[in-house]
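Please read the structure below before turning to the comments.
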Amino acid sequence: MEALCFRNSLLTLNGISNSYLSHHRLFTWYKGVIEDRPYAIKKFTESEFTAEREREVYNDIVLSARVSNHSCFLKLLGCSLEFPIPVMVFEYPENGVLNEPRGCVEGTLLPWNVRLRIATEVAIAVTYLHTAFPRIIIHIDVKQTNVFLDKNWNAKLSDFTFSVTLPEGKSWIKDEVMGSLGYIDPVYIMMGLVTQYTDVFSFGIFMLVLLMGRQPIMDGPKFTYLLVYVKDLRERGEHVEFGGGSNDMRPGQMKMFLDLALRCCEKRHEDRPKMITVAKEIKLIERSLDC
């Protein structure tokens with residue numbers, strides 16, 4: 001990772017608080033311009049991080065640097081250590097974050113072929129984490145707001161704040177439950193068990209969000225998980241409504257995509273496919289003919 005000095009530009013963040021790309025409880029993504037070049041700047045919320053929790057920030061830095069040469073991750077260019085908590089500087093994603101109103105949730109949906117390609121690219125990214133290193137990396141927080149889109153609408157996965165690196169030769173570990181409500185594997189919640197299938201479940205929810213254009217926790221008079229809603233429709237033999245305009249419907253592909261998403265969200269780990277299988281199956285769906 002190139003060690004770049006961003007000090008003077010980063011100090012102006014307090015004056016451009018409205019130039020943010022995405023806001024989370026733990027951090028905010030800003031658009032910064034340094035020497036006429038745009039960057040994505042990730043600034044952590046200092047009040048949320050005790051001395052013990054600062055290791056999550058360094059976890060994010062280390063793992064972001066490790067995967068930065070892979071095209072399916074947002075590239076980390078450098079960071080500044082001249083703040084109480086380091087500030088990270090990434091390549092700038094011209095089409096922002098995959099979130100409302102840009103692409104997949106309760107706004108104008110991206111075309112189905114773009115959403116399908118995004119699913120493929122994020123699946124490839126998660127597969128890389130699970131297979132490319134001697135110690136398996138579990139992302140933990142695969143969701144739409146951790147995916148950015150470049151000028152060609154290519155997906156870039158980000159944020160390793162909660163990620164877990166398993167001991168070498170091990171396929172699971174017990175750890176504190178972290179992640180985002182609606183995306184967290186129930187086995188992880190109940191047992192604290194982190195495995196590859198923790199990410200598979202989250203990715204299955206991500207697929208449902210892409211397919212249907214709904215939040216993982218649905219608004220309404222009753223608190224309803226998107227997964228529970230879809231399974232209930234299927235059990236009653238009712239139609240699952242896919243997101244998108246009438247000219248953008250690809251019912252065959254969408255049905256296969258839905259079936260795969262639900263397999264990813266099976267209750268038992270052993271009933272879920274591995275991410276490498278998921279990535280291959282989405283590619284096959286992409287290549288399938290539909291009308």
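Convention: chains lettered A, B, ... in structure tokens order; per-chain residue numbering from 1; ligands numbered from 1 as shown.
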
Q: Identify, on the basis of only C-alpha atoms, every residue whose closest approach to range 206-212 of chain A does not exceed 6 Å; exclude the query and any residue fewer than 3 positions from it along the same chain; express the result as a VMD selection string.
A: chain A and resid 104 143 203 242 to 243 261

Atoms to include: N, CA, C and O atoms. Write the selected residues as a PDB file, in the first residue's frame.
```pdb
ATOM      1  N   CYS A 104     -30.615  -0.208  -5.476  1.00  0.00           N
ATOM      2  CA  CYS A 104     -31.203  -1.500  -5.102  1.00  0.00           C
ATOM      3  C   CYS A 104     -32.217  -1.443  -3.986  1.00  0.00           C
ATOM      4  O   CYS A 104     -32.793  -2.463  -3.652  1.00  0.00           O
ATOM      5  N   LYS A 143     -23.310  -6.547   2.749  1.00  0.00           N
ATOM      6  CA  LYS A 143     -24.598  -5.859   2.614  1.00  0.00           C
ATOM      7  C   LYS A 143     -24.453  -4.766   1.564  1.00  0.00           C
ATOM      8  O   LYS A 143     -23.337  -4.420   1.147  1.00  0.00           O
ATOM      9  N   PHE A 203     -24.809 -13.070   2.241  1.00  0.00           N
ATOM     10  CA  PHE A 203     -24.855 -12.876   0.797  1.00  0.00           C
ATOM     11  C   PHE A 203     -26.225 -13.266   0.242  1.00  0.00           C
ATOM     12  O   PHE A 203     -26.729 -12.621  -0.693  1.00  0.00           O
ATOM     13  N   PHE A 242     -40.804  -9.489  -8.044  1.00  0.00           N
ATOM     14  CA  PHE A 242     -39.428  -9.061  -8.285  1.00  0.00           C
ATOM     15  C   PHE A 242     -39.396  -7.561  -8.567  1.00  0.00           C
ATOM     16  O   PHE A 242     -40.336  -6.997  -9.148  1.00  0.00           O
ATOM     17  N   GLY A 243     -38.303  -6.912  -8.181  1.00  0.00           N
ATOM     18  CA  GLY A 243     -38.170  -5.482  -8.413  1.00  0.00           C
ATOM     19  C   GLY A 243     -37.757  -5.167  -9.835  1.00  0.00           C
ATOM     20  O   GLY A 243     -37.028  -5.929 -10.471  1.00  0.00           O
ATOM     21  N   ALA A 261     -30.666 -17.748  -3.723  1.00  0.00           N
ATOM     22  CA  ALA A 261     -30.642 -16.907  -2.517  1.00  0.00           C
ATOM     23  C   ALA A 261     -31.203 -17.655  -1.315  1.00  0.00           C
ATOM     24  O   ALA A 261     -30.643 -17.616  -0.210  1.00  0.00           O
TER      25      ALA A 261
END
```

Q.
Give me the residues near Lys280 in chain A as JSON, numbers by chain, where near means some atom within 10 Å (using only C-alpha atoms) and where sequence neighbours in that chain fewer than 5 positions away do not count.
A. {"A": [120, 123, 124, 275, 285, 286]}

Can those selected residues be exported to a file as a PDB file, in the first residue's frame so that it contains N, CA and C atoms?
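Output (out_13.pdb):
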```
ATOM      1  N   THR A 120     -22.621 -11.112  -9.113  1.00  0.00           N
ATOM      2  CA  THR A 120     -21.480 -11.938  -9.526  1.00  0.00           C
ATOM      3  C   THR A 120     -20.181 -11.401  -8.951  1.00  0.00           C
ATOM      4  N   ALA A 123     -19.949 -11.843  -5.198  1.00  0.00           N
ATOM      5  CA  ALA A 123     -19.718 -13.263  -4.914  1.00  0.00           C
ATOM      6  C   ALA A 123     -18.260 -13.638  -5.166  1.00  0.00           C
ATOM      7  N   ILE A 124     -17.679 -13.111  -6.227  1.00  0.00           N
ATOM      8  CA  ILE A 124     -16.264 -13.365  -6.519  1.00  0.00           C
ATOM      9  C   ILE A 124     -15.390 -12.797  -5.407  1.00  0.00           C
ATOM     10  N   MET A 275     -19.363 -20.347  -1.060  1.00  0.00           N
ATOM     11  CA  MET A 275     -19.382 -19.159  -1.906  1.00  0.00           C
ATOM     12  C   MET A 275     -18.831 -19.436  -3.292  1.00  0.00           C
ATOM     13  N   ILE A 285     -26.376 -18.334 -14.318  1.00  0.00           N
ATOM     14  CA  ILE A 285     -27.642 -17.610 -14.469  1.00  0.00           C
ATOM     15  C   ILE A 285     -27.470 -16.448 -15.441  1.00  0.00           C
ATOM     16  N   GLU A 286     -26.337 -15.731 -15.317  1.00  0.00           N
ATOM     17  CA  GLU A 286     -26.041 -14.620 -16.234  1.00  0.00           C
ATOM     18  C   GLU A 286     -26.051 -15.079 -17.691  1.00  0.00           C
TER      19      GLU A 286
END
```

Q: Go through A:Gln144, A:Gln253, A:Asn95, A:Thr224 one by one, measure the shortest atom-to-atom distance of each to Ser158 in chain A using only C-alpha atoms, and give the residue with the smallest value.
A: A:Gln144

Please report as JSON lines every residue of range 96-160 of chain A lying within 12 Å of range 33-50 of chain A, along with the nearest atom pair and their distance in Å (one decimal), using only C-alpha atoms.
```
{"residue": "A:Gly96", "atom": "CA", "partner": "A:Ala40", "partner_atom": "CA", "distance": 9.4}
{"residue": "A:Val97", "atom": "CA", "partner": "A:Ala40", "partner_atom": "CA", "distance": 10.8}
{"residue": "A:Asn146", "atom": "CA", "partner": "A:Lys42", "partner_atom": "CA", "distance": 12.0}
{"residue": "A:Phe148", "atom": "CA", "partner": "A:Ala40", "partner_atom": "CA", "distance": 10.2}
{"residue": "A:Leu149", "atom": "CA", "partner": "A:Ala40", "partner_atom": "CA", "distance": 11.8}
{"residue": "A:Asp150", "atom": "CA", "partner": "A:Ala40", "partner_atom": "CA", "distance": 11.5}
{"residue": "A:Ser158", "atom": "CA", "partner": "A:Lys42", "partner_atom": "CA", "distance": 10.7}
{"residue": "A:Asp159", "atom": "CA", "partner": "A:Lys42", "partner_atom": "CA", "distance": 9.6}
```

Q: Check the smallest atom-to-atom distance from each of A:Gly213, A:Met88, A:Ile136, A:Cys264 to Thr28 in chain A using only C-alpha atoms, then report the winner.
A: A:Met88

(Q) Which residues are close to Tyr183 in chain A, i.e. within 9 Å by only C-alpha atoms, leaving aside same-chain residues fewer than 4 positions away? Reply as an NGL selection string. (A) :A and (141-143 or 179 or 201-206 or 216)

Q: Write out as number ranges by chain the residues lying within 9 Å of Asn59 in chain A, counting only C-alpha atoms and excluding same-chain residues fewer than 4 positions away.
A: A: 54-55, 63-64, 160-164

Report as a CSV table (one decimal) with all heavy atoms, in the first residue's frame: the residues of range 33-189 of chain A with a DSSP assignment of alpha helix (DSSP H), based on the backbone of this structure.
```csv
chain,number,residue,atom,x,y,z
A,54,GLU,N,-10.4,-0.1,19.0
A,54,GLU,CA,-9.6,0.5,17.9
A,54,GLU,C,-9.0,-0.6,17.1
A,54,GLU,O,-8.6,-0.4,15.9
A,54,GLU,CB,-8.5,1.4,18.5
A,54,GLU,CG,-9.1,2.8,18.9
A,54,GLU,CD,-8.0,3.8,19.2
A,54,GLU,OE1,-6.9,3.6,18.8
A,54,GLU,OE2,-8.3,4.7,19.9
A,55,ARG,N,-8.8,-1.8,17.6
A,55,ARG,CA,-8.3,-2.9,16.8
A,55,ARG,C,-9.1,-3.2,15.6
A,55,ARG,O,-8.6,-3.6,14.5
A,55,ARG,CB,-8.2,-4.2,17.7
A,55,ARG,CG,-9.5,-4.8,18.1
A,55,ARG,CD,-9.3,-6.0,18.9
A,55,ARG,NE,-10.6,-6.6,19.4
A,55,ARG,CZ,-11.4,-7.3,18.7
A,55,ARG,NH1,-11.1,-7.6,17.5
A,55,ARG,NH2,-12.6,-7.7,19.2
A,56,GLU,N,-10.4,-2.9,15.6
A,56,GLU,CA,-11.3,-3.1,14.5
A,56,GLU,C,-10.9,-2.1,13.3
A,56,GLU,O,-11.0,-2.5,12.2
A,56,GLU,CB,-12.8,-2.8,14.9
A,56,GLU,CG,-13.3,-3.8,15.9
A,56,GLU,CD,-14.7,-3.5,16.4
A,56,GLU,OE1,-15.2,-2.4,16.0
A,56,GLU,OE2,-15.2,-4.2,17.3
A,57,VAL,N,-10.5,-0.9,13.7
A,57,VAL,CA,-10.0,0.0,12.7
A,57,VAL,C,-8.8,-0.5,12.0
A,57,VAL,O,-8.7,-0.5,10.7
A,57,VAL,CB,-9.7,1.4,13.3
A,57,VAL,CG1,-9.1,2.4,12.3
A,57,VAL,CG2,-11.0,2.0,13.9
A,58,TYR,N,-7.8,-1.0,12.8
A,58,TYR,CA,-6.6,-1.5,12.2
A,58,TYR,C,-6.8,-2.8,11.4
A,58,TYR,O,-6.1,-3.1,10.4
A,58,TYR,CB,-5.5,-1.7,13.3
A,58,TYR,CG,-5.1,-0.4,13.8
A,58,TYR,CD1,-5.6,0.1,15.0
A,58,TYR,CD2,-4.2,0.4,13.1
A,58,TYR,CE1,-5.2,1.4,15.5
A,58,TYR,CE2,-3.8,1.7,13.6
A,58,TYR,CZ,-4.3,2.1,14.8
A,58,TYR,OH,-3.9,3.4,15.3
A,59,ASN,N,-7.8,-3.6,11.8
A,59,ASN,CA,-8.2,-4.7,11.1
A,59,ASN,C,-8.7,-4.3,9.7
A,59,ASN,O,-8.4,-5.0,8.7
A,59,ASN,CB,-9.4,-5.4,11.8
A,59,ASN,CG,-9.7,-6.8,11.3
A,59,ASN,OD1,-8.8,-7.7,11.2
A,59,ASN,ND2,-11.0,-7.1,11.0
A,60,ASP,N,-9.5,-3.3,9.6
A,60,ASP,CA,-10.0,-2.7,8.4
A,60,ASP,C,-8.8,-2.3,7.5
A,60,ASP,O,-8.8,-2.6,6.3
A,60,ASP,CB,-10.9,-1.6,8.7
A,60,ASP,CG,-11.8,-1.2,7.4
A,60,ASP,OD1,-11.7,-1.9,6.4
A,60,ASP,OD2,-12.5,-0.1,7.5
A,61,ILE,N,-7.9,-1.6,8.1
A,61,ILE,CA,-6.7,-1.1,7.3
A,61,ILE,C,-5.9,-2.3,6.7
A,61,ILE,O,-5.6,-2.3,5.5
A,61,ILE,CB,-5.8,-0.2,8.2
A,61,ILE,CG1,-6.5,1.1,8.5
A,61,ILE,CG2,-4.5,0.1,7.4
A,61,ILE,CD1,-5.8,1.9,9.6
A,62,VAL,N,-5.6,-3.2,7.6
A,62,VAL,CA,-4.7,-4.4,7.2
A,62,VAL,C,-5.4,-5.2,6.1
A,62,VAL,O,-4.8,-5.5,5.0
A,62,VAL,CB,-4.4,-5.3,8.4
A,62,VAL,CG1,-3.7,-6.6,7.9
A,62,VAL,CG2,-3.4,-4.5,9.3
A,63,LEU,N,-6.7,-5.5,6.2
A,63,LEU,CA,-7.3,-6.4,5.3
A,63,LEU,C,-7.7,-5.6,4.0
A,63,LEU,O,-7.6,-6.2,2.9
A,63,LEU,CB,-8.6,-7.0,5.9
A,63,LEU,CG,-8.3,-8.0,7.0
A,63,LEU,CD1,-9.7,-8.5,7.6
A,63,LEU,CD2,-7.4,-9.1,6.6
A,64,SER,N,-8.0,-4.4,4.1
A,64,SER,CA,-8.2,-3.6,2.9
A,64,SER,C,-7.0,-3.5,2.0
A,64,SER,O,-7.0,-3.6,0.8
A,64,SER,CB,-8.7,-2.1,3.3
A,64,SER,OG,-10.0,-2.2,3.9
A,65,ALA,N,-5.8,-3.3,2.7
A,65,ALA,CA,-4.6,-3.3,2.0
A,65,ALA,C,-4.3,-4.6,1.3
A,65,ALA,O,-3.8,-4.7,0.2
A,65,ALA,CB,-3.4,-2.9,2.9
A,66,ARG,N,-4.6,-5.7,2.0
A,66,ARG,CA,-4.3,-7.1,1.5
A,66,ARG,C,-5.1,-7.4,0.2
A,66,ARG,O,-4.6,-8.1,-0.6
A,66,ARG,CB,-4.6,-8.1,2.6
A,66,ARG,CG,-4.2,-9.5,2.3
A,66,ARG,CD,-4.4,-10.4,3.4
A,66,ARG,NE,-3.6,-10.1,4.6
A,66,ARG,CZ,-3.7,-10.7,5.8
A,66,ARG,NH1,-4.5,-11.7,6.0
A,66,ARG,NH2,-2.9,-10.3,6.8
A,112,TRP,N,-31.8,-5.0,-14.5
A,112,TRP,CA,-31.6,-6.4,-13.9
A,112,TRP,C,-30.2,-6.9,-14.3
A,112,TRP,O,-29.5,-7.5,-13.5
A,112,TRP,CB,-32.7,-7.3,-14.4
A,112,TRP,CG,-32.4,-8.8,-14.1
A,112,TRP,CD1,-32.2,-9.8,-15.1
A,112,TRP,CD2,-32.1,-9.4,-12.8
A,112,TRP,NE1,-31.9,-10.9,-14.4
A,112,TRP,CE2,-31.9,-10.7,-13.1
A,112,TRP,CE3,-32.2,-8.9,-11.5
A,112,TRP,CZ2,-31.6,-11.6,-12.0
A,112,TRP,CZ3,-32.0,-9.8,-10.5
A,112,TRP,CH2,-31.7,-11.1,-10.8
A,113,ASN,N,-29.7,-6.7,-15.6
A,113,ASN,CA,-28.4,-7.2,-16.0
A,113,ASN,C,-27.3,-6.6,-15.2
A,113,ASN,O,-26.3,-7.2,-14.9
A,113,ASN,CB,-28.2,-7.0,-17.5
A,113,ASN,CG,-28.1,-5.5,-17.9
A,113,ASN,OD1,-28.9,-4.7,-17.5
A,113,ASN,ND2,-27.1,-5.2,-18.6
A,114,VAL,N,-27.5,-5.3,-14.7
A,114,VAL,CA,-26.5,-4.7,-13.9
A,114,VAL,C,-26.5,-5.3,-12.5
A,114,VAL,O,-25.5,-5.6,-11.9
A,114,VAL,CB,-26.7,-3.2,-13.9
A,114,VAL,CG1,-25.6,-2.5,-13.0
A,114,VAL,CG2,-26.5,-2.6,-15.3
A,115,ARG,N,-27.7,-5.4,-12.0
A,115,ARG,CA,-27.8,-6.0,-10.6
A,115,ARG,C,-27.3,-7.5,-10.6
A,115,ARG,O,-26.6,-7.9,-9.6
A,115,ARG,CB,-29.3,-6.1,-10.2
A,115,ARG,CG,-29.8,-4.7,-9.8
A,115,ARG,CD,-31.3,-4.8,-9.3
A,115,ARG,NE,-32.2,-4.8,-10.5
A,115,ARG,CZ,-33.4,-5.3,-10.5
A,115,ARG,NH1,-33.8,-6.0,-9.4
A,115,ARG,NH2,-34.2,-5.2,-11.5
A,116,LEU,N,-27.5,-8.2,-11.7
A,116,LEU,CA,-27.0,-9.6,-11.7
A,116,LEU,C,-25.4,-9.6,-11.8
A,116,LEU,O,-24.8,-10.4,-11.1
A,116,LEU,CB,-27.5,-10.2,-13.0
A,116,LEU,CG,-27.4,-11.8,-13.1
A,116,LEU,CD1,-27.8,-12.5,-11.9
A,116,LEU,CD2,-28.1,-12.3,-14.3
A,117,ARG,N,-24.9,-8.6,-12.5
A,117,ARG,CA,-23.4,-8.5,-12.6
A,117,ARG,C,-22.8,-8.1,-11.2
A,117,ARG,O,-21.8,-8.6,-10.8
A,117,ARG,CB,-23.0,-7.5,-13.7
A,117,ARG,CG,-21.5,-7.6,-13.9
A,117,ARG,CD,-21.0,-6.7,-15.0
A,117,ARG,NE,-21.0,-5.3,-14.6
A,117,ARG,CZ,-21.7,-4.3,-15.1
A,117,ARG,NH1,-22.4,-4.5,-16.2
A,117,ARG,NH2,-21.6,-3.1,-14.6
A,118,ILE,N,-23.5,-7.2,-10.6
A,118,ILE,CA,-23.1,-6.8,-9.2
A,118,ILE,C,-23.0,-8.0,-8.3
A,118,ILE,O,-22.1,-8.2,-7.5
A,118,ILE,CB,-24.0,-5.7,-8.7
A,118,ILE,CG1,-23.8,-4.4,-9.4
A,118,ILE,CG2,-23.8,-5.5,-7.1
A,118,ILE,CD1,-24.8,-3.3,-9.1
A,119,ALA,N,-24.1,-8.8,-8.3
A,119,ALA,CA,-24.1,-10.1,-7.5
A,119,ALA,C,-22.9,-11.0,-7.8
A,119,ALA,O,-22.3,-11.5,-6.9
A,119,ALA,CB,-25.4,-10.8,-7.7
A,120,THR,N,-22.6,-11.1,-9.1
A,120,THR,CA,-21.5,-11.9,-9.5
A,120,THR,C,-20.2,-11.4,-9.0
A,120,THR,O,-19.4,-12.2,-8.4
A,120,THR,CB,-21.4,-12.0,-11.1
A,120,THR,OG1,-22.6,-12.5,-11.6
A,120,THR,CG2,-20.2,-12.8,-11.5
A,121,GLU,N,-20.0,-10.1,-9.1
A,121,GLU,CA,-18.7,-9.5,-8.6
A,121,GLU,C,-18.5,-9.5,-7.1
A,121,GLU,O,-17.4,-9.8,-6.6
A,121,GLU,CB,-18.6,-8.1,-9.1
A,121,GLU,CG,-18.5,-8.0,-10.7
A,121,GLU,CD,-18.7,-6.7,-11.3
A,121,GLU,OE1,-19.3,-5.8,-10.6
A,121,GLU,OE2,-18.4,-6.5,-12.5
A,122,VAL,N,-19.6,-9.3,-6.4
A,122,VAL,CA,-19.5,-9.4,-4.9
A,122,VAL,C,-19.3,-10.9,-4.5
A,122,VAL,O,-18.5,-11.2,-3.6
A,122,VAL,CB,-20.8,-8.9,-4.2
A,122,VAL,CG1,-20.7,-9.1,-2.7
A,122,VAL,CG2,-20.9,-7.4,-4.5
A,123,ALA,N,-19.9,-11.8,-5.2
A,123,ALA,CA,-19.7,-13.3,-4.9
A,123,ALA,C,-18.3,-13.6,-5.2
A,123,ALA,O,-17.7,-14.4,-4.4
A,123,ALA,CB,-20.6,-14.1,-5.8
A,124,ILE,N,-17.7,-13.1,-6.2
A,124,ILE,CA,-16.3,-13.4,-6.5
A,124,ILE,C,-15.4,-12.8,-5.4
A,124,ILE,O,-14.4,-13.4,-5.0
A,124,ILE,CB,-15.9,-12.8,-7.9
A,124,ILE,CG1,-16.5,-13.6,-9.0
A,124,ILE,CG2,-14.4,-12.7,-8.1
A,124,ILE,CD1,-16.4,-12.9,-10.4
A,125,ALA,N,-15.7,-11.6,-4.9
A,125,ALA,CA,-15.0,-11.0,-3.9
A,125,ALA,C,-15.0,-11.8,-2.6
A,125,ALA,O,-13.9,-12.1,-2.0
A,125,ALA,CB,-15.5,-9.6,-3.6
A,126,VAL,N,-16.2,-12.3,-2.2
A,126,VAL,CA,-16.3,-13.1,-1.0
A,126,VAL,C,-15.6,-14.4,-1.1
A,126,VAL,O,-14.9,-14.9,-0.2
A,126,VAL,CB,-17.8,-13.2,-0.5
A,126,VAL,CG1,-17.9,-14.1,0.7
A,126,VAL,CG2,-18.4,-11.9,-0.3
A,127,THR,N,-15.7,-15.0,-2.3
A,127,THR,CA,-15.0,-16.3,-2.6
A,127,THR,C,-13.5,-16.1,-2.5
A,127,THR,O,-12.8,-17.0,-1.9
A,127,THR,CB,-15.3,-16.7,-4.0
A,127,THR,OG1,-16.7,-17.0,-4.1
A,127,THR,CG2,-14.6,-18.0,-4.4
A,128,TYR,N,-13.0,-15.0,-2.9
A,128,TYR,CA,-11.6,-14.7,-2.8
A,128,TYR,C,-11.1,-14.6,-1.3
A,128,TYR,O,-10.1,-15.2,-0.9
A,128,TYR,CB,-11.3,-13.3,-3.5
A,128,TYR,CG,-9.8,-12.9,-3.5
A,128,TYR,CD1,-8.9,-13.5,-4.4
A,128,TYR,CD2,-9.4,-11.9,-2.6
A,128,TYR,CE1,-7.6,-13.1,-4.4
A,128,TYR,CE2,-8.0,-11.5,-2.7
A,128,TYR,CZ,-7.2,-12.1,-3.5
A,128,TYR,OH,-5.8,-11.7,-3.5
A,129,LEU,N,-11.9,-14.0,-0.5
A,129,LEU,CA,-11.6,-14.0,0.9
A,129,LEU,C,-11.6,-15.4,1.5
A,129,LEU,O,-10.8,-15.7,2.4
A,129,LEU,CB,-12.7,-13.1,1.7
A,129,LEU,CG,-12.7,-11.7,1.3
A,129,LEU,CD1,-13.9,-11.0,2.1
A,129,LEU,CD2,-11.4,-10.9,1.6
A,130,HIS,N,-12.4,-16.2,1.1
A,130,HIS,CA,-12.6,-17.6,1.6
A,130,HIS,C,-11.5,-18.6,1.1
A,130,HIS,O,-11.3,-19.6,1.7
A,130,HIS,CB,-13.9,-18.2,1.3
A,130,HIS,CG,-15.1,-17.5,2.1
A,130,HIS,ND1,-16.4,-17.9,2.0
A,130,HIS,CD2,-15.1,-16.4,2.9
A,130,HIS,CE1,-17.1,-17.1,2.7
A,130,HIS,NE2,-16.4,-16.2,3.3
A,131,THR,N,-10.9,-18.3,0.0
A,131,THR,CA,-10.0,-19.3,-0.7
A,131,THR,C,-8.6,-18.8,-1.0
A,131,THR,O,-7.8,-19.7,-1.3
A,131,THR,CB,-10.7,-19.7,-2.0
A,131,THR,OG1,-10.8,-18.6,-2.9
A,131,THR,CG2,-12.1,-20.3,-1.8
A,186,PRO,N,-28.4,-16.7,11.6
A,186,PRO,CA,-29.0,-17.1,12.9
A,186,PRO,C,-28.1,-18.0,13.7
A,186,PRO,O,-28.1,-17.9,15.0
A,186,PRO,CB,-30.3,-17.8,12.5
A,186,PRO,CG,-30.6,-17.2,11.1
A,186,PRO,CD,-29.3,-17.0,10.5
A,187,VAL,N,-27.4,-18.9,13.0
A,187,VAL,CA,-26.4,-19.7,13.8
A,187,VAL,C,-25.4,-18.9,14.5
A,187,VAL,O,-25.0,-19.2,15.6
A,187,VAL,CB,-25.8,-20.8,12.8
A,187,VAL,CG1,-24.8,-21.6,13.5
A,187,VAL,CG2,-26.8,-21.6,12.1
A,188,TYR,N,-24.9,-17.9,13.8
A,188,TYR,CA,-23.9,-16.9,14.4
A,188,TYR,C,-24.5,-16.2,15.6
A,188,TYR,O,-23.9,-16.1,16.7
A,188,TYR,CB,-23.5,-15.9,13.3
A,188,TYR,CG,-22.5,-14.9,13.7
A,188,TYR,CD1,-21.5,-15.1,14.6
A,188,TYR,CD2,-22.5,-13.7,13.0
A,188,TYR,CE1,-20.6,-14.1,14.9
A,188,TYR,CE2,-21.6,-12.7,13.3
A,188,TYR,CZ,-20.6,-12.9,14.3
A,188,TYR,OH,-19.7,-11.9,14.6
A,189,ILE,N,-25.8,-15.8,15.5
A,189,ILE,CA,-26.5,-15.1,16.6
A,189,ILE,C,-26.6,-16.1,17.8
A,189,ILE,O,-26.3,-15.7,19.0
A,189,ILE,CB,-27.9,-14.6,16.2
A,189,ILE,CG1,-27.7,-13.5,15.1
A,189,ILE,CG2,-28.7,-14.1,17.4
A,189,ILE,CD1,-29.0,-13.0,14.5
```

Q) Could you work out how far CA of Val67 in chain A lies from CA of Tyr20 in chain A, giving the answer in Å with one decimal? A) 24.1 Å

(Q) For the structure I just gave you, how does DSSP split range 132-230 of chain A - specifically, which residues are strand (DSSP E or B)? Reply as a list of chain:residue names. (A) A:Ile137, A:Ile138, A:Val147, A:Phe148, A:Leu149, A:Ala155, A:Lys156, A:Leu157, A:Val164, A:Thr165, A:Trp172, A:Ile173, A:Lys174, A:Leu193, A:Val194, A:Thr195, A:Ile217, A:Met218, A:Thr224, A:Tyr225
